[in-house]
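Notes follow the structure.
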Amino acid sequence: MKIDMLTLPVAETEVDSWLAVLTSAAAADLPRLPAPSRTEVAGRLRVPTGRGRAVLWAAEEGAGVAALVLFSDEANRHTAFVDVLAVPARSRRRGVGTALWERVREELVADGRTSVEAMVDLGGAGQAFAESLGFVNVLPMAWYEQELPERPGPVPATPGYEFHTWHGLVPDAWAPAAAAAHGAMEDAPSGDVDIRLEPWTARRLHSVQQVVLDRGGELITVAAVTPEGEVGAYTELALPDPSGTRALQYDTVVTPRHRGRGLGRAVKLHMAARAAGRYPALRRIATTVADENTPMRTVNESLGYRRERGTAYFQLKL
């Protein structure tokens, strides 16, 4: 099986081949979900994550693809993330996945990595393959999905807070306060995942957000702020393809001293109203939540999110 490492920037034909592989694999494994978007696939191939060096492989004749992120920050120089390892239905059980994994593993060892993570859907071929390689489930999670209501409900009163909505990058004036609020993610459940959290700064916040925009997507942030300029809570919505029917709910955080006031639910309701008005094609919002994150699961259930499928961070020590 001939496997080539792709050279960035990838060609149009390579984007088409990659899209075909992901479309076929998704049709077999996740038939209920919308097919992958070319805008999103092209963006992810052409614009690096910003967290490290991306390495891409493609098997001959569209038999499979793989993508690895080798983290570059000092705290995570020991680990990496398998972003994609997909084989279309017609090419399965021919050793393609194993051949791709061998290339991934060679790169990991050559770069001195001692662990690697991947996000794997539970109960299917992906989990069976990962476990056959020695990966173990270190953070059980699930995908949840909300049907965007035609008429979003009213946002509950939150005395002492004002809502701000930012499209694209958080404005420079608010970036330090927003970055400080992102730091509250440190107490979110993380299981035994080997990836270390990086400190949030205004510069890092803008860098992460810019990747979404450079890939052709759009980003909305809704924040509940105090008169003193503190961000007490925020939520982020990313549209990898702004013309698509499905968006991804990124972080939703309420900082510790502002909890117990309904801010998590309030910022999500405010976000739903803004998204519905701005993107007429949008129908569903999806998000992941760790199984042990009971407070966030409770908030989501009250807003109409329903469990779509189990997933988890799987990890392998090299």
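Ligands are numbered from 1 in the order shown, chains are lettered A, B, ... in the order of the structure tokens, and residues start at 1 in each chain.
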With only C-alpha atoms as the counted atoms, please give the residues lying no more than 12 Å from Arg94 (chain A), apart from itself and same-chain residues fewer than 4 positions off, as a PyMOL selection string. chain A and resi 1+59+63-64+87-90+98-100
Report as a ChimeraX atom specification: the residues of region 119-283 of chain A with a DSSP assignment of strand (DSSP E or B), based on the backbone of this structure. /A:119-121,136-147,162-167,218-225,231-239,246-254
Name the residues in contact with region 144-152 of chain A at a cut-off of 8 Å, using only C-alpha atoms, excluding same-chain residues fewer than 4 positions from it; report them as a short mmCIF file (atom, residue, chain, number, x, y, z; two decimals) with N, CA and C atoms, in the first residue's frame.
```cif
data_model
loop_
_atom_site.label_atom_id
_atom_site.label_comp_id
_atom_site.auth_asym_id
_atom_site.auth_seq_id
_atom_site.Cartn_x
_atom_site.Cartn_y
_atom_site.Cartn_z
N LEU A 269 -28.82 30.98 25.54
CA LEU A 269 -30.07 31.45 24.94
C LEU A 269 -29.83 32.69 24.08
N ALA A 272 -28.27 31.52 20.84
CA ALA A 272 -29.23 30.89 19.91
C ALA A 272 -30.03 31.94 19.16
N ALA A 273 -30.44 32.99 19.87
CA ALA A 273 -31.21 34.05 19.22
C ALA A 273 -30.37 34.77 18.17
N ALA A 276 -29.73 32.36 15.09
CA ALA A 276 -30.92 32.15 14.26
C ALA A 276 -31.19 33.36 13.37
N LEU A 282 -29.07 27.72 9.23
CA LEU A 282 -28.65 26.96 10.41
C LEU A 282 -29.84 26.26 11.05
N ARG A 283 -29.68 24.95 11.30
CA ARG A 283 -30.75 24.15 11.89
C ARG A 283 -30.36 23.50 13.21
N ARG A 284 -29.09 23.15 13.37
CA ARG A 284 -28.69 22.40 14.56
C ARG A 284 -27.38 22.94 15.13
N ILE A 285 -27.26 22.83 16.45
CA ILE A 285 -26.02 23.18 17.15
C ILE A 285 -25.56 21.93 17.90
N ALA A 286 -24.31 21.55 17.69
CA ALA A 286 -23.76 20.36 18.33
C ALA A 286 -22.63 20.74 19.27
N THR A 287 -22.46 19.94 20.32
CA THR A 287 -21.38 20.21 21.28
C THR A 287 -21.00 18.90 21.96
N THR A 288 -19.81 18.88 22.56
CA THR A 288 -19.40 17.73 23.36
C THR A 288 -19.33 18.15 24.82
N VAL A 289 -19.68 17.21 25.70
CA VAL A 289 -19.61 17.44 27.14
C VAL A 289 -19.09 16.16 27.80
N LEU A 303 -32.07 23.34 27.81
CA LEU A 303 -32.18 24.11 26.57
C LEU A 303 -32.60 23.25 25.38
N GLY A 304 -32.80 21.96 25.61
CA GLY A 304 -33.25 21.09 24.53
C GLY A 304 -32.18 20.27 23.86
N TYR A 305 -30.95 20.28 24.39
CA TYR A 305 -29.91 19.42 23.84
C TYR A 305 -30.23 17.97 24.18
N ARG A 306 -30.03 17.09 23.20
CA ARG A 306 -30.24 15.68 23.39
C ARG A 306 -28.99 14.90 23.00
N ARG A 307 -28.70 13.86 23.72
CA ARG A 307 -27.51 13.05 23.45
C ARG A 307 -27.59 12.45 22.05
N GLU A 308 -26.54 12.66 21.26
CA GLU A 308 -26.54 12.17 19.89
C GLU A 308 -25.72 10.88 19.77
N ARG A 309 -24.53 10.85 20.39
CA ARG A 309 -23.72 9.63 20.37
C ARG A 309 -22.60 9.77 21.39
#
```
Best match for closeness to Leu197 (chain A) among A:Arg265, A:Arg259, A:Arg51, A:Arg297, counting only C-alpha atoms: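 Between A:Arg265, A:Arg259, A:Arg51, A:Arg297, the residue approaching Leu197 (chain A) most closely is A:Arg51.
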